[in-house]
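Heads up, the thing below is written out as structure tokens.
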Amino acid sequence: MTRPITSVLIGAGNRGADSYAPYALRHPDQLKFVAVAEPDPGRRDRFAREHNIPKERCYTTWEDLMAEGRIADTALICTPDQMHVGPALAALDLGYDVLLEKPMATTLEACVQLVQAADRAGRLLQVCHVLRYTSFFETVHHLVTSGRLGEVITVEHRENVSYWHMAHSYVRGQWRNSRLSSPMILAKCCHDLDILFWNLGPCRRLSSFGSLIHYRPEKAPEGAAERCTAGCAAAAECPWYAPRIYVDLTPLRRSVPGGTFPDDYRGWPRSVVWDDAPPAARDGDAVAAVQQALERGPYGRCVYHCDNDVVDHQIVSMEMENGASVGLFMHGHSHREGRTMRYDGSRATLRGIYSFDEQRIEVHDHLTGKVEVFEPEVGPFGGTGHGGGDEGLMRAFIRAVRDPTFVPTTARECLESHLMAFAAEEARVKGTVVEMDRFRTWAETVSRA
Ligand SMILES: NC(=O)c1ccc[n+]([C@@H]2O[C@H](COP(=O)([O-])OP(=O)(O)OC[C@H]3O[C@@H](n4cnc5c(N)ncnc54)[C@H](O)[C@@H]3O)[C@@H](O)[C@H]2O)c1
């Protein structure tokens with residue numbers, strides 16, 4: 001019997017502890033966590049309890065863990081965006097195979113440095129582009145690359161971020177400010193750019209437009225308080241009123257058939273708000289804990305009075321090397337969360353929707369006029385874990401560690417989506433067209449300097 005792959009977890013937060021690590025509990029024959037590095041004592045202890053990790057293998061920071069040398073086969077790095085590079089470089093240096101959360105890093109130079117480090121170390125560096133591992137995007141990929149659509153001429157890919165998810169992550173939350181995290185086109189759309197690259201090949205040149213139109217102080221309605229819980233006069237008319245989102249769970253209820261949702265729900269996005277509740281409240285009544293968190297933490301702030309600066313809409317126009325024209329539309333004002341897409345080919349048109357409550361692909365054949373429909377299964381709340389993508393990613397990573405001839409995606413391939421995102425941001429900010437070949441060469445050069 002082959003032994004399970006061993007792993008250390010760096011960052012036992014939402015992604016590390018709740019999205020990927022449960023794979024080890026479901027498949028103990030494949031994966032075992034032997035150490036954790038996490039500064040938050042509550043999260044660290046919970047992870048250690050769940051995975052049976054001895055006290056001496058629980059560390060406060062990634063530096064402490066790495067100082068032990070290599071103590072497992074693999075390292076899962078799930079720290080916040082701006083804290084990926086240090087642990088990833090250290091882990092590669094020590095000879096770990098690495099699974100790294102996206103974005104690889106918040107600067108272009110650091111992304112390239114990571115790929116160079118993986119090449120040097122001869123280790124696996126896999127980035128968590130989970131969409132590639134969903135049956136929805138696997139189906140789209142197969143339809144596009146098998147020639148079913150003929151030659152692909154144009155693509156419209158939309159990342160429709162719902163008004164409440166936008167507020168949660170990009171106005172009130174961790175990714176609200178590009179100085180503190182990264183540009184939104186990188187944080188939100190490196191997945192989408194990765195899918196476009198996967199399906200169509202490299203981009204030749206691109207331009208981009210976008211800005212922050214709405215979530216700004218001058219757009220606040222009359223009487224808006226700094227915090228929703230401070231008796232805001234605009235509460236009844238405000239879609240972003242925090243208690244409606246986090247206490248009543250109105251948007252989540254709308255996304256499930258029948259509208260029923262457990263009152264004591266503790267999953268995302270409530271799980272993120274949780275940490276702002278007083279420690280004593282965290283293990284008690286879910287609603288009471290959330291209410292207390294909103295009174296003191298960032299998620300109770302008025303969406304017009306946050307320190308956010310990332311865009312709320314951006315488009316990227318791309319000419320691919322195969323000649324296809326592609327438009328990526330990202331915005332944070334959708335009624336419904338989800339990606340929609342349309343591929344027009346010389347033989348057929350593909351239309352797709354990938355949402356919490358619906359996944360459907362239609363192929364309209366030009367010759368026969370027939371419509372073929374694919375409906376990958378949607379689990380509760382959109383299929384937990386990115387419609388199966390989190391589970392698929394873990395499976396692929398473990399297989400790649402075990403079998404060096406199986407390479408799901410190389411680090412260089414993962415880099416391409418990041419290069420496109422940085423190029424799009426440069427094009428947006430400077431109002432230029434970016435030639436990707438020149439941009440790639442420049443990125444390699446500055447990263448070596
Ligand atoms: N692949 C995806 O689809 C996807 C989805 C959401 C988030 N993410 C990415 O996953 C990463 C983690 O996001 P999250 O939502 O889990 O955030 P999180 O804040 O819930 O988790 C990050 C954890 O890292 C810990 N940490 C901070 N400093 C540390 C240190 N020095 N050593 C060890 N741990 C440290 C934090 O205490 C926290 O528990 C981010 O980069 C995010 O962009 C990816």
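Every chain in the structure tokens has a letter given in the order shown (A, B, ...), and although residue numbers restart at 1 in each chain, ligands are simply numbered from 1 in the order shown.
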task = Give as a ChimeraX atom specification the residues surrounding ligand 1 up to a distance of 9 Å, considering only C-alpha atoms and all ligand atoms.
result = /A:9-19,36-41,43-44,59-65,77-84,87,100-105,127-131,174-175,181,187-188,191,271-272,385-386,389-390
Best match for closeness to A:Leu143 among A:Trp274, A:Phe397, A:Tyr343, A:Tyr354, counting only C-alpha atoms =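 Smallest separation from A:Leu143 among the options: A:Tyr343.
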task = Mind listing the strand (DSSP E or B) residues of stretch 268-347 of chain A, per DSSP on the backbone, as a list of chain:residue names?
result = A:Arg301, A:His313, A:Gln314, A:Ile315, A:Val316, A:Ser317, A:Met318, A:Glu319, A:Met320, A:Ser325, A:Val326, A:Gly327, A:Leu328, A:Phe329, A:Met330, A:His331, A:Gly332, A:His333, A:Ser334, A:Gly338, A:Arg339, A:Thr340, A:Met341, A:Arg342, A:Tyr343, A:Asp344, A:Gly345
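Going from atom CA of A:Gln291 over to atom CA of A:Met184, you cover 28.4 Å.
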Please provide the set of residues having any atom within 9 Å of A:Val161, restricted to only C-alpha atoms, with same-chain residues fewer than 5 positions apart removed, written as a short mmCIF file (atom, residue, chain, number, x, y, z; two decimals) with N, CA and C atoms, in the first residue's frame.
data_model
loop_
_atom_site.label_atom_id
_atom_site.label_comp_id
_atom_site.auth_asym_id
_atom_site.auth_seq_id
_atom_site.Cartn_x
_atom_site.Cartn_y
_atom_site.Cartn_z
N MET A 166 -19.26 41.75 -4.31
CA MET A 166 -18.37 42.90 -4.54
C MET A 166 -18.16 43.65 -3.22
N LYS A 188 -9.48 38.89 -8.94
CA LYS A 188 -10.74 38.22 -9.31
C LYS A 188 -10.64 37.47 -10.62
N MET A 330 -15.53 42.40 -16.46
CA MET A 330 -15.62 42.12 -15.02
C MET A 330 -16.34 43.30 -14.38
N HIS A 331 -17.31 43.03 -13.53
CA HIS A 331 -17.97 44.13 -12.83
C HIS A 331 -18.57 43.64 -11.53
N GLY A 332 -18.86 44.58 -10.63
CA GLY A 332 -19.35 44.22 -9.30
C GLY A 332 -20.75 44.72 -9.05
N HIS A 333 -21.61 44.61 -10.05
CA HIS A 333 -22.98 45.13 -9.90
C HIS A 333 -24.02 44.14 -10.43
N SER A 334 -23.73 42.87 -10.33
CA SER A 334 -24.65 41.89 -10.90
C SER A 334 -25.74 41.51 -9.90
N HIS A 335 -26.94 41.24 -10.43
CA HIS A 335 -28.04 40.76 -9.58
C HIS A 335 -27.73 39.36 -9.07
N ARG A 336 -26.90 38.64 -9.85
CA ARG A 336 -26.67 37.23 -9.60
C ARG A 336 -25.18 36.96 -9.81
N GLU A 337 -24.63 36.12 -8.95
CA GLU A 337 -23.21 35.82 -9.05
C GLU A 337 -22.99 34.82 -10.18
N GLY A 338 -21.97 35.01 -10.96
CA GLY A 338 -21.65 33.95 -11.91
C GLY A 338 -20.98 34.43 -13.18
N ARG A 339 -20.35 33.48 -13.83
CA ARG A 339 -19.68 33.77 -15.09
C ARG A 339 -20.60 33.38 -16.24
#
Every residue of stretch 215-342 of chain A that DSSP places in helix (DSSP H, G or I), as a tab-separated table (two decimals) with N, CA and C atoms, in the first residue's frame:
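That gives us result_20.tsv:
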chain	number	residue	atom	x	y	z
A	217	PRO	N	-17.46	57.84	-1.45
A	217	PRO	CA	-18.20	58.66	-0.47
A	217	PRO	C	-19.23	59.59	-1.12
A	218	GLU	N	-18.87	60.19	-2.27
A	218	GLU	CA	-19.80	61.16	-2.88
A	218	GLU	C	-21.05	60.51	-3.45
A	219	LYS	N	-21.08	59.17	-3.51
A	219	LYS	CA	-22.27	58.46	-4.01
A	219	LYS	C	-23.19	58.01	-2.86
A	235	ALA	N	-30.92	52.63	5.49
A	235	ALA	CA	-30.90	51.15	5.56
A	235	ALA	C	-31.99	50.49	4.72
A	236	ALA	N	-33.20	50.99	4.80
A	236	ALA	CA	-34.31	50.30	4.14
A	236	ALA	C	-34.14	50.25	2.62
A	237	GLU	N	-33.45	51.23	2.07
A	237	GLU	CA	-33.32	51.32	0.60
A	237	GLU	C	-31.97	50.80	0.11
A	242	ALA	N	-25.59	45.73	5.77
A	242	ALA	CA	-24.85	44.52	6.20
A	242	ALA	C	-25.73	43.48	6.91
A	243	PRO	N	-26.64	43.88	7.83
A	243	PRO	CA	-27.47	42.85	8.48
A	243	PRO	C	-28.33	42.08	7.47
A	244	ARG	N	-28.71	42.73	6.37
A	244	ARG	CA	-29.51	42.01	5.37
A	244	ARG	C	-28.66	40.90	4.71
A	245	ILE	N	-27.39	41.22	4.49
A	245	ILE	CA	-26.51	40.24	3.84
A	245	ILE	C	-26.07	39.14	4.81
A	246	TYR	N	-25.60	39.55	5.99
A	246	TYR	CA	-24.95	38.56	6.87
A	246	TYR	C	-25.86	37.96	7.94
A	247	VAL	N	-26.89	38.73	8.37
A	247	VAL	CA	-27.78	38.20	9.41
A	247	VAL	C	-28.97	37.50	8.74
A	250	THR	N	-30.11	37.27	2.99
A	250	THR	CA	-31.05	37.45	1.87
A	250	THR	C	-30.46	37.01	0.53
A	251	PRO	N	-29.23	37.45	0.16
A	251	PRO	CA	-28.73	37.03	-1.16
A	251	PRO	C	-28.52	35.52	-1.25
A	252	LEU	N	-28.12	34.89	-0.15
A	252	LEU	CA	-27.90	33.44	-0.20
A	252	LEU	C	-29.23	32.71	-0.33
A	253	ARG	N	-30.23	33.20	0.39
A	253	ARG	CA	-31.55	32.56	0.30
A	253	ARG	C	-32.08	32.64	-1.12
A	254	ARG	N	-31.80	33.76	-1.80
A	254	ARG	CA	-32.29	33.91	-3.17
A	254	ARG	C	-31.60	32.94	-4.13
A	257	PRO	N	-32.94	27.00	-4.39
A	257	PRO	CA	-34.35	26.74	-4.73
A	257	PRO	C	-35.19	26.72	-3.46
A	258	GLY	N	-36.31	27.40	-3.46
A	258	GLY	CA	-37.19	27.44	-2.29
A	258	GLY	C	-36.80	28.51	-1.29
A	259	GLY	N	-35.58	29.04	-1.42
A	259	GLY	CA	-35.15	30.15	-0.56
A	259	GLY	C	-34.87	29.78	0.87
A	270	ARG	N	-20.25	34.29	5.88
A	270	ARG	CA	-20.31	34.51	7.33
A	270	ARG	C	-19.00	34.11	8.01
A	271	SER	N	-18.38	33.03	7.50
A	271	SER	CA	-17.16	32.52	8.15
A	271	SER	C	-16.08	33.60	8.20
A	272	VAL	N	-16.12	34.51	7.23
A	272	VAL	CA	-15.11	35.56	7.17
A	272	VAL	C	-15.41	36.64	8.22
A	273	VAL	N	-16.69	36.90	8.42
A	273	VAL	CA	-17.12	37.95	9.35
A	273	VAL	C	-16.87	37.52	10.80
A	274	TRP	N	-16.98	36.22	10.99
A	274	TRP	CA	-16.85	35.58	12.31
A	274	TRP	C	-15.73	36.12	13.19
A	275	ASP	N	-14.55	36.28	12.57
A	275	ASP	CA	-13.36	36.62	13.35
A	275	ASP	C	-13.48	37.96	14.06
A	276	ASP	N	-14.42	38.80	13.62
A	276	ASP	CA	-14.57	40.11	14.26
A	276	ASP	C	-15.49	40.05	15.47
A	279	PRO	N	-14.27	36.76	21.09
A	279	PRO	CA	-13.96	35.33	21.16
A	279	PRO	C	-15.05	34.51	21.83
A	280	ALA	N	-15.65	35.05	22.91
A	280	ALA	CA	-16.66	34.27	23.64
A	280	ALA	C	-17.90	34.01	22.78
A	281	ALA	N	-18.14	34.90	21.81
A	281	ALA	CA	-19.37	34.77	21.01
A	281	ALA	C	-19.21	33.79	19.85
A	282	ARG	N	-17.95	33.48	19.51
A	282	ARG	CA	-17.72	32.73	18.26
A	282	ARG	C	-18.26	31.30	18.28
A	286	ALA	N	-25.04	31.62	16.11
A	286	ALA	CA	-24.42	32.18	14.90
A	286	ALA	C	-24.89	33.61	14.63
A	287	VAL	N	-26.21	33.83	14.76
A	287	VAL	CA	-26.76	35.14	14.42
A	287	VAL	C	-26.23	36.19	15.39
A	288	ALA	N	-26.21	35.85	16.69
A	288	ALA	CA	-25.73	36.81	17.69
A	288	ALA	C	-24.26	37.15	17.44
A	289	ALA	N	-23.46	36.14	17.07
A	289	ALA	CA	-22.03	36.38	16.81
A	289	ALA	C	-21.85	37.31	15.62
A	290	VAL	N	-22.63	37.08	14.57
A	290	VAL	CA	-22.51	37.92	13.37
A	290	VAL	C	-22.93	39.36	13.70
A	291	GLN	N	-24.02	39.49	14.46
A	291	GLN	CA	-24.47	40.84	14.81
A	291	GLN	C	-23.37	41.60	15.56
A	292	GLN	N	-22.71	40.92	16.49
A	292	GLN	CA	-21.65	41.59	17.25
A	292	GLN	C	-20.46	41.91	16.34
A	293	ALA	N	-20.17	41.01	15.41
A	293	ALA	CA	-19.06	41.25	14.48
A	293	ALA	C	-19.34	42.48	13.62
A	294	LEU	N	-20.58	42.65	13.20
A	294	LEU	CA	-20.91	43.79	12.33
A	294	LEU	C	-20.79	45.11	13.08
A	295	GLU	N	-21.02	45.06	14.38
A	295	GLU	CA	-20.93	46.31	15.16
A	295	GLU	C	-19.50	46.81	15.29
A	296	ARG	N	-18.53	45.89	15.18
A	296	ARG	CA	-17.15	46.33	15.44
A	296	ARG	C	-16.22	46.15	14.24
A	298	PRO	N	-14.94	45.29	9.99
A	298	PRO	CA	-15.02	45.96	8.69
A	298	PRO	C	-16.28	45.66	7.89
A	299	TYR	N	-16.90	44.50	8.14
A	299	TYR	CA	-18.04	44.10	7.30
A	299	TYR	C	-19.33	44.81	7.69
A	300	GLY	N	-19.28	45.62	8.77
A	300	GLY	CA	-20.45	46.43	9.14
A	300	GLY	C	-20.33	47.85	8.62
request  = Quote the spacing between atom CA of A:Leu94 and atom CA of A:Cys111 in Å to one decimal place.
outcome  =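 Computed distance, atom CA of A:Leu94 to atom CA of A:Cys111, equals 18.7 Å.
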message = I'd like the neighbourhood of A:Ala121 as a ChimeraX atom specification, where a residue qualifies if any of its atoms comes within 12 Å (using only C-alpha atoms), though same-chain residues fewer than 2 positions away should be ignored.
response = /A:88-98,114-119,123-125
inquiry  = Which residues are near A:Ile213? Cut-off 10 Å, only C-alpha atoms, ignore same chain within fewer than 3 positions. Put them as a count of residues only.
reply    = 6
Considering only C-alpha atoms, tabulate each residue of stretch 74-165 of chain A that lies at most 9 Å from stretch 195-209 of chain A along with its nearest interatomic pair and the corresponding distance in Å to one decimal; arrange the rows by chain and ascending residue number and present them as JSON lines.
{"residue": "A:His129", "atom": "CA", "partner": "A:Ile195", "partner_atom": "CA", "distance": 8.8}
{"residue": "A:Leu131", "atom": "CA", "partner": "A:Ile195", "partner_atom": "CA", "distance": 7.6}
{"residue": "A:Arg132", "atom": "CA", "partner": "A:Ile195", "partner_atom": "CA", "distance": 6.9}
{"residue": "A:Phe137", "atom": "CA", "partner": "A:Ile195", "partner_atom": "CA", "distance": 7.8}
{"residue": "A:Val140", "atom": "CA", "partner": "A:Asn199", "partner_atom": "CA", "distance": 8.2}
{"residue": "A:His141", "atom": "CA", "partner": "A:Asn199", "partner_atom": "CA", "distance": 5.5}
{"residue": "A:His142", "atom": "CA", "partner": "A:Asn199", "partner_atom": "CA", "distance": 8.4}
{"residue": "A:Val144", "atom": "CA", "partner": "A:Asn199", "partner_atom": "CA", "distance": 6.5}
{"residue": "A:Thr145", "atom": "CA", "partner": "A:Asn199", "partner_atom": "CA", "distance": 6.4}
{"residue": "A:Val152", "atom": "CA", "partner": "A:Leu200", "partner_atom": "CA", "distance": 8.2}
{"residue": "A:Val155", "atom": "CA", "partner": "A:Leu196", "partner_atom": "CA", "distance": 8.8}
{"residue": "A:His157", "atom": "CA", "partner": "A:Leu196", "partner_atom": "CA", "distance": 8.4}
Just write the chosen residues, N, CA, C and O atoms, as a PDB file, in the first residue's frame.
ATOM      1  N   HIS A 129      -5.642  27.351  -9.576  1.00  0.00           N
ATOM      2  CA  HIS A 129      -6.614  27.752 -10.593  1.00  0.00           C
ATOM      3  C   HIS A 129      -7.716  26.701 -10.615  1.00  0.00           C
ATOM      4  O   HIS A 129      -7.776  25.848 -11.499  1.00  0.00           O
ATOM      5  N   LEU A 131     -10.845  26.586 -11.269  1.00  0.00           N
ATOM      6  CA  LEU A 131     -11.883  26.455 -12.309  1.00  0.00           C
ATOM      7  C   LEU A 131     -11.530  25.383 -13.339  1.00  0.00           C
ATOM      8  O   LEU A 131     -12.404  24.737 -13.893  1.00  0.00           O
ATOM      9  N   ARG A 132     -10.228  25.224 -13.592  1.00  0.00           N
ATOM     10  CA  ARG A 132      -9.815  24.206 -14.563  1.00  0.00           C
ATOM     11  C   ARG A 132     -10.284  22.815 -14.175  1.00  0.00           C
ATOM     12  O   ARG A 132     -10.349  21.929 -15.004  1.00  0.00           O
ATOM     13  N   PHE A 137     -15.984  23.774 -16.693  1.00  0.00           N
ATOM     14  CA  PHE A 137     -14.929  24.341 -17.551  1.00  0.00           C
ATOM     15  C   PHE A 137     -14.159  23.253 -18.298  1.00  0.00           C
ATOM     16  O   PHE A 137     -13.634  23.509 -19.378  1.00  0.00           O
ATOM     17  N   VAL A 140     -16.304  22.919 -21.365  1.00  0.00           N
ATOM     18  CA  VAL A 140     -16.093  24.033 -22.305  1.00  0.00           C
ATOM     19  C   VAL A 140     -14.746  23.852 -23.010  1.00  0.00           C
ATOM     20  O   VAL A 140     -14.638  23.986 -24.242  1.00  0.00           O
ATOM     21  N   HIS A 141     -13.727  23.504 -22.231  1.00  0.00           N
ATOM     22  CA  HIS A 141     -12.386  23.321 -22.802  1.00  0.00           C
ATOM     23  C   HIS A 141     -12.415  22.250 -23.891  1.00  0.00           C
ATOM     24  O   HIS A 141     -11.872  22.434 -24.983  1.00  0.00           O
ATOM     25  N   HIS A 142     -13.076  21.154 -23.579  1.00  0.00           N
ATOM     26  CA  HIS A 142     -13.128  20.057 -24.551  1.00  0.00           C
ATOM     27  C   HIS A 142     -13.860  20.505 -25.817  1.00  0.00           C
ATOM     28  O   HIS A 142     -13.410  20.250 -26.939  1.00  0.00           O
ATOM     29  N   VAL A 144     -14.234  23.497 -27.056  1.00  0.00           N
ATOM     30  CA  VAL A 144     -13.480  24.499 -27.823  1.00  0.00           C
ATOM     31  C   VAL A 144     -12.277  23.866 -28.518  1.00  0.00           C
ATOM     32  O   VAL A 144     -12.041  24.087 -29.707  1.00  0.00           O
ATOM     33  N   THR A 145     -11.533  23.036 -27.771  1.00  0.00           N
ATOM     34  CA  THR A 145     -10.266  22.541 -28.327  1.00  0.00           C
ATOM     35  C   THR A 145     -10.458  21.307 -29.217  1.00  0.00           C
ATOM     36  O   THR A 145      -9.573  20.961 -29.978  1.00  0.00           O
ATOM     37  N   VAL A 152     -12.524  29.202 -33.686  1.00  0.00           N
ATOM     38  CA  VAL A 152     -13.130  30.187 -32.769  1.00  0.00           C
ATOM     39  C   VAL A 152     -12.762  31.592 -33.243  1.00  0.00           C
ATOM     40  O   VAL A 152     -11.585  31.917 -33.421  1.00  0.00           O
ATOM     41  N   VAL A 155     -14.806  35.668 -28.616  1.00  0.00           N
ATOM     42  CA  VAL A 155     -15.231  35.167 -27.301  1.00  0.00           C
ATOM     43  C   VAL A 155     -15.633  36.350 -26.441  1.00  0.00           C
ATOM     44  O   VAL A 155     -14.934  37.370 -26.404  1.00  0.00           O
ATOM     45  N   HIS A 157     -16.427  36.781 -22.497  1.00  0.00           N
ATOM     46  CA  HIS A 157     -16.402  36.088 -21.199  1.00  0.00           C
ATOM     47  C   HIS A 157     -16.697  37.145 -20.145  1.00  0.00           C
ATOM     48  O   HIS A 157     -16.026  38.171 -20.081  1.00  0.00           O
TER      49      HIS A 157
END
ask   = Of the candidates A:Cys238, A:Glu138, A:Ser255, A:Pro404, which one gets nearest to A:Tyr304 if we count only C-alpha atoms?
value =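 Of A:Cys238, A:Glu138, A:Ser255, A:Pro404, the one nearest A:Tyr304, counting only C-alpha atoms, is A:Cys238.
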message = From the options A:Asp307, A:Ser211, A:Pro278, A:Thr6, which residue's atoms come nearest to A:Arg70, counting only C-alpha atoms?
response = A:Thr6
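Shortest separation to A:Ala234 among A:Val303, A:Ala48, A:Ala21, A:Ala67 occurs at residue A:Val303, atoms counted being only C-alpha atoms.
Note that the spacing between atom CA of A:Ser7 and atom CA of A:Leu186 amounts to 27.4 Å.
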